[in-house]
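Working notes for the structure below.
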Amino acid sequence: MKIALCTPFKPLDHTTVSGDVTIVRDLAAALRELGSEVIPLPHFSAKEIWKHPSRWLPARRALDRMVEAARGADLWLTYGSYYKVPDVFGPDGAARLDVPYCLVQASYAPKRGKKLATWPGFRLNRRAMLRADHLFCNRLNDLRGCSWLLPSDRYTHIRPGLPAGLLTRDEEGGRRLRESWNTGGAKVVATAAMMRAGVKAEGLRWVFRTCADLLSRRRDLFLAVAGDGPLRRELEGEAGELLGDRVVFTGMVRREKLGEFFAAADFFAFPGLKESVGMVYLEAQQCGLPVVATDDEGAPQVVAHDRTGLITGANLEAFTQGVDALVRDPGLCARLAKAAPGYVAEEHDARRNYDRMNEIMRLLVSRRTRS
């Protein structure tokens, strides 16, 4: 099966690796392992495209290039569609090629159709979802949205997944990092996020305040912060004021180096405010780190509470209590750490989870061929 893959949000080779880029790269790799040929289509950003008439003609020309690149494909697959970045390409591209059209991670929010500012994007996204032959949801919230719009046989829940053995814990590398950070005997808390305005920066501030609170209670801990972005200098200043020499910023850690970063820590903590999926939680657990996160959105879908981590209420006090529990209880921390890699392998293996998706797409192609 030949799959034309469209990503209206960011190209697959985007230099800033976000969670969504990571997910779609892993998805493409899993589909190839399962025997499908994946053709990444030329990228054109659809972000708030309805606001910019000057981009409409270039978008039409971009669609022409996508269709040309997809010649011979059996199916059109778009990753990501919601009111801010609606899939304006898939419905027409698939129709011109006369192939089935599928969507992964499409989010339907009726409230966006009630405001003039978001109504155009809402309608474009709704059009894409209604035109799709099948939708694959890697978030439980999206399942609810689909149920308001589509019959149950038009959408399927697909758990997020990591490639088996993608990350391995590098104990020697972790030891070297701890020595370079001069952590001594402190419990090392790891956290990571893109350092941009909004919930990512706010989540990091929660971690800073939590660690400062615990240090004031004489807990012996050290915070390691991975990531980069436009607010890095500002966040470094805030963390320094609160934590002094008990914090280090590593910058962006390449995926192949995450094994040593995670091995340098005792556990991973990030609240995940309005987190859509939270792939970093899976990466940390695959490397044997327990996780502390909140129940705000995505984390409970990828962290097993009291089995591989602690899911707290979405408030700073509850989150701090969760972090403190792992700082004070080495036995609990060790129990959660021991279970974490197995949980990822059992519940979030990319090849196994995406195999169901691959089979549904093959069935759609077969039906289209027969008709």
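Labeling convention for the structure tokens: chains A, B, ... as they appear, residues from 1 per chain, ligands from 1 in order of appearance.
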Exercise. Just the helix (DSSP H, G or I) stuff from segment 156-234 of chain A, please, per backbone DSSP, written as an NGL selection string.
Key: :A and (171-181 or 199-216 or 232-234)
Those same residues - C-alpha atoms - I'd like them written as a PDB file, in the first residue's frame.
```
ATOM      1  CA  GLU A 171      23.844   4.438  33.081  1.00  0.00           C
ATOM      2  CA  GLU A 172      27.444   5.423  32.399  1.00  0.00           C
ATOM      3  CA  GLY A 173      26.388   8.540  30.500  1.00  0.00           C
ATOM      4  CA  GLY A 174      23.970   9.425  33.281  1.00  0.00           C
ATOM      5  CA  ARG A 175      26.696   9.051  35.897  1.00  0.00           C
ATOM      6  CA  ARG A 176      28.954  11.406  33.953  1.00  0.00           C
ATOM      7  CA  LEU A 177      26.187  14.001  33.719  1.00  0.00           C
ATOM      8  CA  ARG A 178      25.486  13.858  37.454  1.00  0.00           C
ATOM      9  CA  GLU A 179      29.178  14.366  38.155  1.00  0.00           C
ATOM     10  CA  SER A 180      29.358  17.318  35.761  1.00  0.00           C
ATOM     11  CA  TRP A 181      26.298  18.856  37.413  1.00  0.00           C
ATOM     12  CA  VAL A 199       1.364  26.294  28.853  1.00  0.00           C
ATOM     13  CA  LYS A 200       4.879  24.972  28.165  1.00  0.00           C
ATOM     14  CA  ALA A 201       6.537  27.869  29.974  1.00  0.00           C
ATOM     15  CA  GLU A 202       3.882  27.806  32.686  1.00  0.00           C
ATOM     16  CA  GLY A 203       4.498  24.094  33.208  1.00  0.00           C
ATOM     17  CA  LEU A 204       8.211  24.702  33.691  1.00  0.00           C
ATOM     18  CA  ARG A 205       7.413  27.455  36.192  1.00  0.00           C
ATOM     19  CA  TRP A 206       5.323  24.956  38.145  1.00  0.00           C
ATOM     20  CA  VAL A 207       8.352  22.669  38.324  1.00  0.00           C
ATOM     21  CA  PHE A 208      10.592  25.552  39.464  1.00  0.00           C
ATOM     22  CA  ARG A 209       8.145  26.560  42.220  1.00  0.00           C
ATOM     23  CA  THR A 210       7.660  22.958  43.297  1.00  0.00           C
ATOM     24  CA  CYS A 211      11.394  22.360  43.632  1.00  0.00           C
ATOM     25  CA  ALA A 212      11.897  25.690  45.432  1.00  0.00           C
ATOM     26  CA  ASP A 213       9.121  24.806  47.874  1.00  0.00           C
ATOM     27  CA  LEU A 214      10.652  21.399  48.573  1.00  0.00           C
ATOM     28  CA  LEU A 215      14.147  22.843  48.985  1.00  0.00           C
ATOM     29  CA  SER A 216      12.713  25.237  51.569  1.00  0.00           C
ATOM     30  CA  ARG A 232      15.002  30.102  27.578  1.00  0.00           C
ATOM     31  CA  ARG A 233      16.977  33.053  28.945  1.00  0.00           C
ATOM     32  CA  GLU A 234      13.954  34.363  30.840  1.00  0.00           C
TER      33      GLU A 234
END
```
Please provide the set of residues having any atom within 10 Å of Arg368 of chain A, restricted to only C-alpha atoms, with same-chain residues fewer than 4 positions apart removed, written as a PDB file with N, CA, C and O atoms, in the first residue's frame.
```
ATOM      1  N   ASP A  74      -2.222   4.968  -2.990  1.00  0.00           N
ATOM      2  CA  ASP A  74      -3.475   4.239  -2.768  1.00  0.00           C
ATOM      3  C   ASP A  74      -4.383   4.949  -1.776  1.00  0.00           C
ATOM      4  O   ASP A  74      -5.587   4.668  -1.737  1.00  0.00           O
ATOM      5  N   LEU A  75      -3.799   5.855  -0.958  1.00  0.00           N
ATOM      6  CA  LEU A  75      -4.575   6.493   0.104  1.00  0.00           C
ATOM      7  C   LEU A  75      -3.910   7.801   0.494  1.00  0.00           C
ATOM      8  O   LEU A  75      -2.681   7.908   0.476  1.00  0.00           O
ATOM      9  N   ASP A  98      -8.851  10.194  -6.509  1.00  0.00           N
ATOM     10  CA  ASP A  98      -9.841   9.125  -6.364  1.00  0.00           C
ATOM     11  C   ASP A  98      -9.321   8.009  -5.464  1.00  0.00           C
ATOM     12  O   ASP A  98      -9.343   6.824  -5.808  1.00  0.00           O
ATOM     13  N   VAL A  99      -8.837   8.409  -4.261  1.00  0.00           N
ATOM     14  CA  VAL A  99      -8.343   7.451  -3.269  1.00  0.00           C
ATOM     15  C   VAL A  99      -9.010   7.752  -1.930  1.00  0.00           C
ATOM     16  O   VAL A  99      -9.506   8.861  -1.696  1.00  0.00           O
ATOM     17  N   PRO A 100      -9.045   6.787  -1.017  1.00  0.00           N
ATOM     18  CA  PRO A 100      -9.588   7.046   0.316  1.00  0.00           C
ATOM     19  C   PRO A 100      -8.786   8.134   1.028  1.00  0.00           C
ATOM     20  O   PRO A 100      -7.588   8.309   0.793  1.00  0.00           O
ATOM     21  N   ARG A 362      -5.841  -0.452   4.772  1.00  0.00           N
ATOM     22  CA  ARG A 362      -5.811  -1.461   3.707  1.00  0.00           C
ATOM     23  C   ARG A 362      -7.221  -1.883   3.308  1.00  0.00           C
ATOM     24  O   ARG A 362      -7.513  -2.084   2.121  1.00  0.00           O
ATOM     25  N   LEU A 363      -8.098  -2.016   4.276  1.00  0.00           N
ATOM     26  CA  LEU A 363      -9.475  -2.389   3.992  1.00  0.00           C
ATOM     27  C   LEU A 363     -10.174  -1.307   3.171  1.00  0.00           C
ATOM     28  O   LEU A 363     -10.908  -1.613   2.216  1.00  0.00           O
ATOM     29  N   LEU A 364      -9.929  -0.043   3.509  1.00  0.00           N
ATOM     30  CA  LEU A 364     -10.524   1.059   2.746  1.00  0.00           C
ATOM     31  C   LEU A 364     -10.034   1.037   1.298  1.00  0.00           C
ATOM     32  O   LEU A 364     -10.811   1.251   0.357  1.00  0.00           O
TER      33      LEU A 364
END
```
Self-check item: Atomic separation - atom CA of Thr250 of chain A relative to atom CA of Val225 of chain A, Å
Solution: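 Atom-to-atom, atom CA of Val225 of chain A to atom CA of Thr250 of chain A, that is 6.1 Å.
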Self-check item: Residues near Asp87 of chain A, cut-off 10 Å, only C-alpha atoms, skip fewer than 3 positions along chain, as a VMD selection string
Solution: chain A and resid 6 to 9 45 to 47 78 to 84 90 to 92 103 106 121 124 to 129
Quiz item: Hey, what does DSSP flag as strand (DSSP E) within segment 45-190 of chain A? Can you give it to me as a count of residues only?
Solution: 24
Self-check item: segment 166-170 of chain A environment, 6 Å, only C-alpha atoms, sequence neighbours closer than 5 positions dropped, as JSON, numbers by chain
Solution: {"A": [259, 260, 263, 287]}
Restricting it to all heavy atoms, dump the selection as a PDB file, in the first residue's frame.
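Dumped to out.pdb:
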```pdb
ATOM      1  N   GLY A 259      18.757   8.882  26.462  1.00  0.00           N
ATOM      2  CA  GLY A 259      19.043   7.772  27.365  1.00  0.00           C
ATOM      3  C   GLY A 259      19.971   8.166  28.494  1.00  0.00           C
ATOM      4  O   GLY A 259      19.797   7.718  29.635  1.00  0.00           O
ATOM      5  N   GLU A 260      20.960   9.001  28.210  1.00  0.00           N
ATOM      6  CA  GLU A 260      21.869   9.420  29.275  1.00  0.00           C
ATOM      7  C   GLU A 260      21.267  10.540  30.115  1.00  0.00           C
ATOM      8  O   GLU A 260      21.483  10.594  31.328  1.00  0.00           O
ATOM      9  CB  GLU A 260      23.242   9.817  28.729  1.00  0.00           C
ATOM     10  CG  GLU A 260      23.272  11.029  27.850  1.00  0.00           C
ATOM     11  CD  GLU A 260      24.692  11.341  27.361  1.00  0.00           C
ATOM     12  OE1 GLU A 260      25.449  10.391  27.042  1.00  0.00           O
ATOM     13  OE2 GLU A 260      25.032  12.531  27.294  1.00  0.00           O
ATOM     14  N   ALA A 263      18.897   8.826  32.432  1.00  0.00           N
ATOM     15  CA  ALA A 263      19.632   7.990  33.389  1.00  0.00           C
ATOM     16  C   ALA A 263      20.281   8.826  34.491  1.00  0.00           C
ATOM     17  O   ALA A 263      20.603   8.306  35.561  1.00  0.00           O
ATOM     18  CB  ALA A 263      20.692   7.169  32.666  1.00  0.00           C
ATOM     19  N   CYS A 287      12.910   4.723  29.300  1.00  0.00           N
ATOM     20  CA  CYS A 287      14.257   4.730  29.877  1.00  0.00           C
ATOM     21  C   CYS A 287      14.242   4.424  31.374  1.00  0.00           C
ATOM     22  O   CYS A 287      15.261   4.618  32.052  1.00  0.00           O
ATOM     23  CB  CYS A 287      14.915   6.087  29.641  1.00  0.00           C
ATOM     24  SG  CYS A 287      15.461   6.330  27.951  1.00  0.00           S
TER      25      CYS A 287
END
```
List as a PDB file with N, CA and C atoms, in the first residue's frame the protein and nucleic acid residues near Arg65 of chain A, meaning an atom at most 12 Å away when only C-alpha atoms are counted, but skip any in the same chain fewer than 6 places from it.
```pdb
ATOM      1  N   CYS A   6       0.336  13.858   4.430  1.00  0.00           N
ATOM      2  CA  CYS A   6       0.255  15.316   4.455  1.00  0.00           C
ATOM      3  C   CYS A   6       0.315  15.806   5.906  1.00  0.00           C
ATOM      4  N   PRO A  40       6.017  11.413   1.925  1.00  0.00           N
ATOM      5  CA  PRO A  40       5.763  12.728   2.525  1.00  0.00           C
ATOM      6  C   PRO A  40       5.482  13.751   1.429  1.00  0.00           C
ATOM      7  N   LEU A  41       4.373  14.447   1.533  1.00  0.00           N
ATOM      8  CA  LEU A  41       3.992  15.416   0.513  1.00  0.00           C
ATOM      9  C   LEU A  41       4.630  16.770   0.769  1.00  0.00           C
ATOM     10  N   PRO A  42       4.817  17.583  -0.281  1.00  0.00           N
ATOM     11  CA  PRO A  42       5.362  18.923  -0.085  1.00  0.00           C
ATOM     12  C   PRO A  42       4.548  19.689   0.955  1.00  0.00           C
ATOM     13  N   HIS A  43       5.248  20.435   1.798  1.00  0.00           N
ATOM     14  CA  HIS A  43       4.569  21.092   2.921  1.00  0.00           C
ATOM     15  C   HIS A  43       4.111  22.510   2.553  1.00  0.00           C
ATOM     16  N   PHE A  44       2.910  22.840   3.054  1.00  0.00           N
ATOM     17  CA  PHE A  44       2.420  24.220   3.022  1.00  0.00           C
ATOM     18  C   PHE A  44       1.604  24.405   4.298  1.00  0.00           C
ATOM     19  N   PRO A  58      -1.482  30.661  -3.338  1.00  0.00           N
ATOM     20  CA  PRO A  58      -0.324  29.784  -3.119  1.00  0.00           C
ATOM     21  C   PRO A  58      -0.715  28.427  -2.532  1.00  0.00           C
ATOM     22  N   ALA A  59      -1.732  28.403  -1.681  1.00  0.00           N
ATOM     23  CA  ALA A  59      -2.181  27.124  -1.118  1.00  0.00           C
ATOM     24  C   ALA A  59      -2.758  26.221  -2.208  1.00  0.00           C
ATOM     25  N   ARG A  71       0.805  11.025  -7.001  1.00  0.00           N
ATOM     26  CA  ARG A  71       0.347  10.169  -8.104  1.00  0.00           C
ATOM     27  C   ARG A  71       0.759   8.721  -7.858  1.00  0.00           C
ATOM     28  N   PHE A  89      -6.274  20.529   2.519  1.00  0.00           N
ATOM     29  CA  PHE A  89      -5.700  19.859   1.358  1.00  0.00           C
ATOM     30  C   PHE A  89      -6.275  18.460   1.129  1.00  0.00           C
ATOM     31  N   GLY A  93      -7.504  16.858  -2.386  1.00  0.00           N
ATOM     32  CA  GLY A  93      -6.414  16.062  -2.948  1.00  0.00           C
ATOM     33  C   GLY A  93      -6.820  14.611  -3.147  1.00  0.00           C
TER      34      GLY A  93
END
```
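Atom CA of Glu48 of chain A lies 7.8 Å from atom CA of Pro86 of chain A.
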Self-check item: Spatial neighbours of segment 140-149 of chain A, 7 Å, only C-alpha atoms, chain gap at least 4 places, as a VMD selection string
Solution: chain A and resid 106 to 109
Kindly export the residues of the current selection with N, CA and C atoms, as a PDB file, in the first residue's frame.
```pdb
ATOM      1  N   ALA A 106      -7.611  14.467  14.598  1.00  0.00           N
ATOM      2  CA  ALA A 106      -8.518  15.563  14.229  1.00  0.00           C
ATOM      3  C   ALA A 106      -9.366  15.905  15.444  1.00  0.00           C
ATOM      4  N   SER A 107      -9.452  17.182  15.753  1.00  0.00           N
ATOM      5  CA  SER A 107     -10.127  17.627  16.970  1.00  0.00           C
ATOM      6  C   SER A 107     -11.328  18.492  16.612  1.00  0.00           C
ATOM      7  N   TYR A 108     -12.494  18.107  17.134  1.00  0.00           N
ATOM      8  CA  TYR A 108     -13.738  18.820  16.851  1.00  0.00           C
ATOM      9  C   TYR A 108     -14.239  19.494  18.124  1.00  0.00           C
ATOM     10  N   ALA A 109     -14.303  20.818  18.105  1.00  0.00           N
ATOM     11  CA  ALA A 109     -14.732  21.601  19.270  1.00  0.00           C
ATOM     12  C   ALA A 109     -15.876  22.523  18.849  1.00  0.00           C
TER      13      ALA A 109
END
```
Exercise. Have a look at A:Ile311, A:Leu12, A:Leu336, A:Ala73 and name the one nearest to Ala293 of chain A; count only C-alpha atoms.
Key: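 Once distances to Ala293 of chain A are computed over only C-alpha atoms, the minimum belongs to A:Ile311.
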Select from segment 180-271 of chain A every residue with an atom at most 12 Å from any atom of segment 14-29 of chain A, then for each give the shortest pair of atoms and their distance in Å to one decimal, using only C-alpha atoms, rows by chain and rising number, as a Markdown table.
```
| residue | atom | partner | partner_atom | distance |
| --- | --- | --- | --- | --- |
| A:Ala192 | CA | A:Ser18 | CA | 11.6 |
| A:Ala193 | CA | A:Ser18 | CA | 9.1 |
| A:Met194 | CA | A:Ser18 | CA | 7.6 |
| A:Met195 | CA | A:Ser18 | CA | 11.1 |
| A:Arg196 | CA | A:Ser18 | CA | 11.4 |
| A:Lys200 | CA | A:Ser18 | CA | 11.4 |
| A:Gly227 | CA | A:Val17 | CA | 10.3 |
| A:Asp228 | CA | A:Thr16 | CA | 9.3 |
| A:Gly229 | CA | A:Thr16 | CA | 9.0 |
| A:Pro230 | CA | A:Thr16 | CA | 11.7 |
| A:Met252 | CA | A:Val17 | CA | 9.6 |
| A:Val253 | CA | A:Val17 | CA | 10.6 |
| A:Arg254 | CA | A:Val17 | CA | 9.5 |
| A:Arg255 | CA | A:Val17 | CA | 9.7 |
```
Quiz prompt | Non-local contacts of segment 131-134 of chain A (6 Å; only C-alpha atoms; under 4 positions in same chain excluded) as a ChimeraX atom specification | solution = /A:101-102,154-155
Practice problem: Rank nothing, just name the residue among A:His157, A:Arg55, A:Lys257, A:Arg328 nearest to Gln105 of chain A, using only C-alpha atoms. | Solution: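 Comparing A:His157, A:Arg55, A:Lys257, A:Arg328 against Gln105 of chain A, the winner is A:His157.
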Quiz prompt | Two-atom distance - atom CA of Asp349 of chain A, atom CA of Ala269 of chain A (Å) | solution = 22.4 Å
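Closest approach to Tyr354 of chain A among A:Gly278, A:Pro271, A:Gly184, A:Pro160 is made by A:Pro160 (distances from only C-alpha atoms).
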